[in-house]
>>> print(open('structure.cif').read())   # mmCIF, C-alpha atoms; chains and numbers go by the auth columns
data_start
loop_
_atom_site.group_PDB
_atom_site.id
_atom_site.type_symbol
_atom_site.label_atom_id
_atom_site.label_comp_id
_atom_site.label_asym_id
_atom_site.label_seq_id
_atom_site.Cartn_x
_atom_site.Cartn_y
_atom_site.Cartn_z
_atom_site.B_iso_or_equiv
_atom_site.auth_seq_id
_atom_site.auth_asym_id
ATOM 1 C CA MET A 1 -0.129 -163.410 80.909 0.00 1 K
ATOM 2 C CA TYR A 2 0.048 -159.693 80.157 0.00 2 K
ATOM 3 C CA ARG A 3 -3.700 -159.295 80.819 0.00 3 K
ATOM 4 C CA MET A 4 -3.412 -161.112 84.137 0.00 4 K
ATOM 5 C CA ILE A 5 -0.527 -158.867 85.252 0.00 5 K
ATOM 6 C CA ARG A 6 -2.533 -155.781 84.259 0.00 6 K
ATOM 7 C CA MET A 7 -5.491 -157.033 86.316 0.00 7 K
ATOM 8 C CA LEU A 8 -3.271 -157.811 89.323 0.00 8 K
ATOM 9 C CA ASP A 9 -1.676 -154.372 89.060 0.00 9 K
ATOM 10 C CA GLN A 10 -5.170 -152.876 89.552 0.00 10 K
ATOM 11 C CA SER A 11 -6.308 -155.308 92.252 0.00 11 K
ATOM 12 C CA PRO A 12 -6.614 -154.286 95.918 0.00 12 K
ATOM 13 C CA GLU A 13 -5.738 -157.889 96.876 0.00 13 K
ATOM 14 C CA VAL A 14 -2.139 -158.447 97.958 0.00 14 K
ATOM 15 C CA SER A 15 -1.009 -160.756 95.158 0.00 15 K
ATOM 16 C CA PHE A 16 2.150 -162.414 93.931 0.00 16 K
ATOM 17 C CA LEU A 17 3.364 -165.029 91.463 0.00 17 K
ATOM 18 C CA LEU A 18 5.685 -167.914 92.275 0.00 18 K
ATOM 19 C CA ASP A 19 7.657 -169.970 89.793 0.00 19 K
ATOM 20 C CA SER A 20 7.843 -173.784 89.925 0.00 20 K
ATOM 21 C CA GLU A 21 10.590 -173.547 92.579 0.00 21 K
ATOM 22 C CA HIS A 22 8.354 -171.300 94.750 0.00 22 K
ATOM 23 C CA ARG A 23 10.460 -168.203 94.122 0.00 23 K
ATOM 24 C CA ILE A 24 8.649 -164.871 94.015 0.00 24 K
ATOM 25 C CA ILE A 25 8.680 -163.580 90.436 0.00 25 K
ATOM 26 C CA TYR A 26 6.070 -160.810 90.672 0.00 26 K
ATOM 27 C CA THR A 27 4.399 -158.704 93.366 0.00 27 K
ATOM 28 C CA ASN A 28 1.589 -156.280 92.703 0.00 28 K
ATOM 29 C CA PRO A 29 1.278 -152.655 93.913 0.00 29 K
ATOM 30 C CA ALA A 30 -1.065 -153.812 96.719 0.00 30 K
ATOM 31 C CA TRP A 31 1.875 -155.887 98.037 0.00 31 K
ATOM 32 C CA ASP A 32 4.002 -152.734 98.162 0.00 32 K
ATOM 33 C CA LEU A 33 1.309 -150.749 99.975 0.00 33 K
ATOM 34 C CA PHE A 34 0.809 -153.577 102.476 0.00 34 K
ATOM 35 C CA ALA A 35 4.549 -153.907 103.141 0.00 35 K
ATOM 36 C CA GLU A 36 4.971 -150.180 103.706 0.00 36 K
ATOM 37 C CA ALA A 37 1.842 -149.882 105.881 0.00 37 K
ATOM 38 C CA ASN A 38 3.045 -152.756 108.060 0.00 38 K
ATOM 39 C CA GLY A 39 6.522 -151.493 108.804 0.00 39 K
ATOM 40 C CA ALA A 40 8.335 -153.545 106.162 0.00 40 K
ATOM 41 C CA PRO A 41 9.238 -151.073 103.398 0.00 41 K
ATOM 42 C CA GLN A 42 12.305 -153.239 102.688 0.00 42 K
ATOM 43 C CA LEU A 43 9.903 -155.794 101.131 0.00 43 K
ATOM 44 C CA ALA A 44 8.308 -153.289 98.745 0.00 44 K
ATOM 45 C CA GLY A 45 9.230 -152.910 95.101 0.00 45 K
ATOM 46 C CA GLU A 46 11.348 -155.602 93.517 0.00 46 K
ATOM 47 C CA THR A 47 13.317 -156.522 96.642 0.00 47 K
ATOM 48 C CA ALA A 48 11.278 -159.717 97.237 0.00 48 K
ATOM 49 C CA ILE A 49 11.778 -160.933 93.657 0.00 49 K
ATOM 50 C CA GLY A 50 13.826 -164.129 93.636 0.00 50 K
ATOM 51 C CA SER A 51 13.125 -164.937 97.299 0.00 51 K
ATOM 52 C CA ASN A 52 11.797 -168.378 98.132 0.00 52 K
ATOM 53 C CA PHE A 53 8.268 -168.072 99.500 0.00 53 K
ATOM 54 C CA PHE A 54 8.809 -170.862 102.043 0.00 54 K
ATOM 55 C CA ASP A 55 11.753 -169.009 103.582 0.00 55 K
ATOM 56 C CA SER A 56 9.241 -166.456 104.890 0.00 56 K
ATOM 57 C CA ILE A 57 6.918 -169.032 106.468 0.00 57 K
ATOM 58 C CA PRO A 58 7.481 -169.800 110.176 0.00 58 K
ATOM 59 C CA LYS A 59 8.730 -173.352 110.735 0.00 59 K
ATOM 60 C CA VAL A 60 5.567 -174.355 112.599 0.00 60 K
ATOM 61 C CA LEU A 61 3.393 -173.517 109.557 0.00 61 K
ATOM 62 C CA LYS A 62 5.726 -174.637 106.763 0.00 62 K
ATOM 63 C CA PRO A 63 4.241 -178.181 106.492 0.00 63 K
ATOM 64 C CA VAL A 64 0.731 -176.761 106.027 0.00 64 K
ATOM 65 C CA TYR A 65 1.780 -174.526 103.148 0.00 65 K
ATOM 66 C CA MET A 66 4.050 -177.106 101.527 0.00 66 K
ATOM 67 C CA ARG A 67 1.187 -179.628 101.488 0.00 67 K
ATOM 68 C CA ALA A 68 -1.168 -177.007 100.087 0.00 68 K
ATOM 69 C CA PHE A 69 1.111 -176.103 97.169 0.00 69 K
ATOM 70 C CA LYS A 70 1.692 -179.782 96.343 0.00 70 K
ATOM 71 C CA GLN A 71 -2.075 -180.365 96.407 0.00 71 K
ATOM 72 C CA VAL A 72 -2.743 -177.395 94.141 0.00 72 K
ATOM 73 C CA ALA A 73 -0.076 -178.491 91.632 0.00 73 K
ATOM 74 C CA LYS A 74 -1.346 -182.065 91.630 0.00 74 K
ATOM 75 C CA THR A 75 -5.102 -181.384 91.405 0.00 75 K
ATOM 76 C CA GLY A 76 -5.293 -177.925 89.834 0.00 76 K
ATOM 77 C CA LEU A 77 -7.886 -177.025 92.480 0.00 77 K
ATOM 78 C CA ILE A 78 -7.784 -173.687 94.286 0.00 78 K
ATOM 79 C CA TRP A 79 -6.615 -173.877 97.909 0.00 79 K
ATOM 80 C CA GLU A 80 -8.029 -171.379 100.426 0.00 80 K
ATOM 81 C CA LYS A 81 -6.931 -170.477 103.938 0.00 81 K
ATOM 82 C CA THR A 82 -8.376 -167.854 106.230 0.00 82 K
ATOM 83 C CA TYR A 83 -5.742 -166.359 108.485 0.00 83 K
ATOM 84 C CA LYS A 84 -5.125 -163.513 110.907 0.00 84 K
ATOM 85 C CA TRP A 85 -2.438 -160.932 110.229 0.00 85 K
ATOM 86 C CA SER A 86 -2.879 -158.027 112.567 0.00 86 K
ATOM 87 C CA SER A 87 -1.025 -154.759 112.623 0.00 87 K
ATOM 88 C CA PRO A 88 -0.235 -153.031 115.910 0.00 88 K
ATOM 89 C CA GLU A 89 -3.378 -150.924 115.438 0.00 89 K
ATOM 90 C CA HIS A 90 -5.891 -153.276 113.784 0.00 90 K
ATOM 91 C CA ALA A 91 -7.087 -156.857 114.090 0.00 91 K
ATOM 92 C CA ARG A 92 -7.326 -158.207 110.556 0.00 92 K
ATOM 93 C CA ARG A 93 -8.419 -161.408 108.895 0.00 93 K
ATOM 94 C CA PHE A 94 -7.471 -162.356 105.339 0.00 94 K
ATOM 95 C CA ARG A 95 -8.282 -165.133 102.895 0.00 95 K
ATOM 96 C CA MET A 96 -5.384 -166.556 100.934 0.00 96 K
ATOM 97 C CA LYS A 97 -6.089 -168.364 97.668 0.00 97 K
ATOM 98 C CA VAL A 98 -3.492 -170.348 95.759 0.00 98 K
ATOM 99 C CA TYR A 99 -4.091 -171.020 92.059 0.00 99 K
ATOM 100 C CA PHE A 100 -2.008 -173.253 89.804 0.00 100 K
ATOM 101 C CA LEU A 101 -1.106 -171.763 86.423 0.00 101 K
ATOM 102 C CA GLU A 102 -0.550 -175.042 84.625 0.00 102 K
ATOM 103 C CA ARG A 103 0.808 -173.722 81.318 0.00 103 K
ATOM 104 C CA ARG A 104 3.806 -172.197 83.076 0.00 104 K
ATOM 105 C CA ASN A 105 3.892 -174.397 86.189 0.00 105 K
ATOM 106 C CA TRP A 106 3.538 -171.238 88.316 0.00 106 K
ATOM 107 C CA PHE A 107 1.355 -170.297 91.263 0.00 107 K
ATOM 108 C CA LEU A 108 -0.777 -167.205 91.753 0.00 108 K
ATOM 109 C CA VAL A 109 -1.353 -166.275 95.391 0.00 109 K
ATOM 110 C CA THR A 110 -3.970 -163.694 96.366 0.00 110 K
ATOM 111 C CA ASN A 111 -4.744 -162.340 99.830 0.00 111 K
ATOM 112 C CA SER A 112 -8.101 -160.638 100.359 0.00 112 K
ATOM 113 C CA LEU A 113 -8.853 -158.524 103.406 0.00 113 K
ATOM 114 C CA LEU A 114 -12.017 -159.885 105.037 0.00 114 K
ATOM 115 C CA VAL A 115 -12.159 -157.985 108.341 0.00 115 K
ATOM 116 C CA GLU A 116 -10.332 -155.021 109.803 0.00 116 K
ATOM 117 C CA ARG A 117 -11.222 -153.473 113.150 0.00 117 K
ATOM 118 C CA PRO A 118 -9.438 -151.803 116.065 0.00 118 K
ATOM 119 C CA HIS A 119 -7.957 -154.227 118.583 0.00 119 K
ATOM 120 C CA ARG A 120 -9.880 -155.049 121.702 0.00 120 K
ATOM 121 C CA ASN A 121 -7.813 -156.636 124.504 0.00 121 K
ATOM 122 C CA ILE A 122 -4.427 -154.950 124.103 0.00 122 K
ATOM 123 C CA HIS A 123 -1.620 -155.615 126.597 0.00 123 K
ATOM 124 C CA GLY A 124 1.481 -153.590 127.352 0.00 124 K
ATOM 125 C CA THR A 125 5.064 -154.753 127.161 0.00 125 K
ATOM 126 C CA ASP A 126 6.452 -156.460 130.245 0.00 126 K
ATOM 127 C CA SER A 127 9.681 -158.401 129.976 0.00 127 K
ATOM 128 C CA ASP A 128 8.857 -160.495 133.066 0.00 128 K
ATOM 129 C CA THR A 129 5.547 -161.609 131.528 0.00 129 K
ATOM 130 C CA TYR A 130 6.615 -162.483 127.975 0.00 130 K
ATOM 131 C CA PHE A 131 10.396 -162.972 127.777 0.00 131 K
ATOM 132 C CA SER A 132 12.151 -166.266 128.425 0.00 132 K
ATOM 133 C CA ARG A 133 15.944 -166.138 128.041 0.00 133 K
ATOM 134 C CA GLY A 134 15.623 -163.003 125.887 0.00 134 K
ATOM 135 C CA ILE A 135 13.109 -164.572 123.487 0.00 135 K
ATOM 136 C CA ILE A 136 9.377 -164.038 123.002 0.00 136 K
ATOM 137 C CA THR A 137 7.170 -166.817 121.660 0.00 137 K
ATOM 138 C CA MET A 138 4.706 -165.306 119.191 0.00 138 K
ATOM 139 C CA CYS A 139 1.811 -167.126 117.545 0.00 139 K
ATOM 140 C CA ALA A 140 2.680 -167.560 113.873 0.00 140 K
ATOM 141 C CA HIS A 141 -0.982 -167.092 113.000 0.00 141 K
ATOM 142 C CA CYS A 142 -2.507 -164.329 115.179 0.00 142 K
ATOM 143 C CA ARG A 143 0.717 -162.688 116.433 0.00 143 K
ATOM 144 C CA CYS A 144 -0.198 -162.923 120.138 0.00 144 K
ATOM 145 C CA SER A 145 2.683 -163.311 122.603 0.00 145 K
ATOM 146 C CA LYS A 146 2.835 -166.222 125.025 0.00 146 K
ATOM 147 C CA ARG A 147 3.138 -165.603 128.752 0.00 147 K
ATOM 148 C CA VAL A 148 6.064 -167.356 130.401 0.00 148 K
ATOM 149 C CA ASP A 149 4.239 -168.126 133.660 0.00 149 K
ATOM 150 C CA GLY A 150 3.119 -171.575 132.462 0.00 150 K
ATOM 151 C CA SER A 151 -0.533 -170.516 132.106 0.00 151 K
ATOM 152 C CA ASN A 152 -0.559 -171.089 128.307 0.00 152 K
ATOM 153 C CA ARG A 153 -2.139 -167.636 128.013 0.00 153 K
ATOM 154 C CA TRP A 154 -1.424 -165.581 124.910 0.00 154 K
ATOM 155 C CA ASP A 155 -1.954 -161.802 124.689 0.00 155 K
ATOM 156 C CA PHE A 156 -1.828 -159.304 121.844 0.00 156 K
ATOM 157 C CA VAL A 157 1.037 -156.885 122.524 0.00 157 K
ATOM 158 C CA PRO A 158 1.155 -154.220 119.768 0.00 158 K
ATOM 159 C CA GLU A 159 4.689 -153.123 120.588 0.00 159 K
ATOM 160 C CA TYR A 160 6.065 -156.612 119.903 0.00 160 K
ATOM 161 C CA VAL A 161 4.332 -156.700 116.519 0.00 161 K
ATOM 162 C CA ARG A 162 5.772 -153.261 115.774 0.00 162 K
ATOM 163 C CA LEU A 163 9.306 -154.455 116.648 0.00 163 K
ATOM 164 C CA LYS A 164 9.000 -157.834 114.882 0.00 164 K
ATOM 165 C CA GLY A 165 11.796 -158.322 112.382 0.00 165 K
ATOM 166 C CA LEU A 166 14.163 -155.946 114.134 0.00 166 K
ATOM 167 C CA GLN A 167 17.241 -157.174 115.958 0.00 167 K
ATOM 168 C CA ALA A 168 15.838 -155.567 119.111 0.00 168 K
ATOM 169 C CA LEU A 169 13.336 -158.425 119.467 0.00 169 K
ATOM 170 C CA LYS A 170 14.113 -162.135 119.210 0.00 170 K
ATOM 171 C CA ILE A 171 11.035 -164.199 118.353 0.00 171 K
ATOM 172 C CA SER A 172 10.323 -167.895 118.404 0.00 172 K
ATOM 173 C CA HIS A 173 7.138 -168.934 116.605 0.00 173 K
ATOM 174 C CA GLY A 174 4.498 -171.315 117.868 0.00 174 K
ATOM 175 C CA LEU A 175 0.729 -171.554 117.692 0.00 175 K
ATOM 176 C CA CYS A 176 -1.555 -170.392 120.457 0.00 176 K
ATOM 177 C CA SER A 177 -4.160 -172.935 121.554 0.00 177 K
ATOM 178 C CA ILE A 178 -7.011 -171.015 119.884 0.00 178 K
ATOM 179 C CA CYS A 179 -5.322 -170.801 116.470 0.00 179 K
ATOM 180 C CA GLN A 180 -4.151 -174.383 116.648 0.00 180 K
ATOM 181 C CA ALA A 181 -7.639 -175.668 117.491 0.00 181 K
ATOM 182 C CA HIS A 182 -9.481 -173.468 114.990 0.00 182 K
ATOM 183 C CA PHE A 183 -7.083 -173.069 112.051 0.00 183 K
ATOM 184 C CA TYR A 184 -4.602 -175.967 112.366 0.00 184 K
ATOM 185 C CA PRO A 185 -6.274 -178.847 114.245 0.00 185 K
ATOM 186 C CA HIS A 186 -4.125 -181.406 112.419 0.00 186 K
ATOM 187 C CA LEU A 187 -0.854 -179.963 113.780 0.00 187 K
ATOM 188 C CA ASP A 188 -0.651 -181.755 117.153 0.00 188 K
ATOM 189 C CA SER A 189 2.902 -180.793 118.018 0.00 189 K
ATOM 190 C CA ALA A 190 2.740 -177.157 116.873 0.00 190 K
ATOM 191 C CA ARG A 191 2.624 -175.629 120.343 0.00 191 K
#
>>> encode(input="structure.cif", output="structure tokens")
Amino acid sequence: MYRMIRMLDQSPEVSFLLDSEHRIIYTNPAWDLFAEANGAPQLAGETAIGSNFFDSIPKVLKPVYMRAFKQVAKTGLIWEKTYKWSSPEHARRFRMKVYFLERRNWFLVTNSLLVERPHRNIHGTDSDTYFSRGIITMCAHCRCSKRVDGSNRWDFVPEYVRLKGLQALKISHGLCSICQAHFYPHLDSAR
């Protein structure tokens, strides 16, 4: 175990260990750098230790991840998921891998950066376009915000990503039609 921790400490992949109850028991330095670079310094260091991983997953995606962890524990096979997690400045795509550490009944989760590029179609904030009763619906996968005009159009609004997690912005999560079709086709009622 000590060798694995040493390797994870040196890895550029955002990595963490979960115990059998899915509580975070270790985060590597890449986790800290990622948290700080993405406006969440409160998640750096040991502050995430003891937190349940599933508490951080939006409700719309929770069934996908719960099934994946059960599958990994049952089969011992590695589960992979490509996902988008953009910052206000960059469009990014990652690959998550979940490994089962059978001897301890733990999980190792790694997140590798696959693509990072400046955003293309960026939209400005407009409360009439995106707010409904003081709430914005944001895609839990790509972080685009849904227009409230009934068009089912979703736009990337950097300012809303920047404010995410602050009391100044109330967010409801859903899945945009592109992410649902491409990444979660089995979730019919996710929108």
>>> residues_around(input="structure.cif", residues="K:Lys74", least_positions_apart="3", cutoff="12 Å", atoms="all atoms listed in the file", output="JSON, numbers by chain")
{"K": [67, 68, 69, 70, 71, 77, 78, 79, 99, 100, 101, 102, 105]}
>>> closest_residue(input="structure.cif", among="K:Tyr26, K:Tyr184, K:Trp154, K:Tyr65", to="K:Ala44", atoms="all atoms listed in the file")
K:Tyr26
>>> resolve_selection(input="structure.cif", expression="the PyMOL selection byres ((chain K and resi 32) around 10)", output="PyMOL selection string")
chain K and resi 14-15+27-31+33-38+40-46
>>> axis_aligned_box(input="structure.cif", around="stretch 116-131 of chain K", padding_each_side="5 Å", output="AutoDock Vina command-line options")
--center_x -0.4 --center_y -157.4 --center_z 121.4 --size_x 31.6 --size_y 21.2 --size_z 33.3
>>> atom_distance(input="structure.cif", atom1="atom CA of K:Lys97", atom2="atom CA of K:Ala73")
13.2 Å
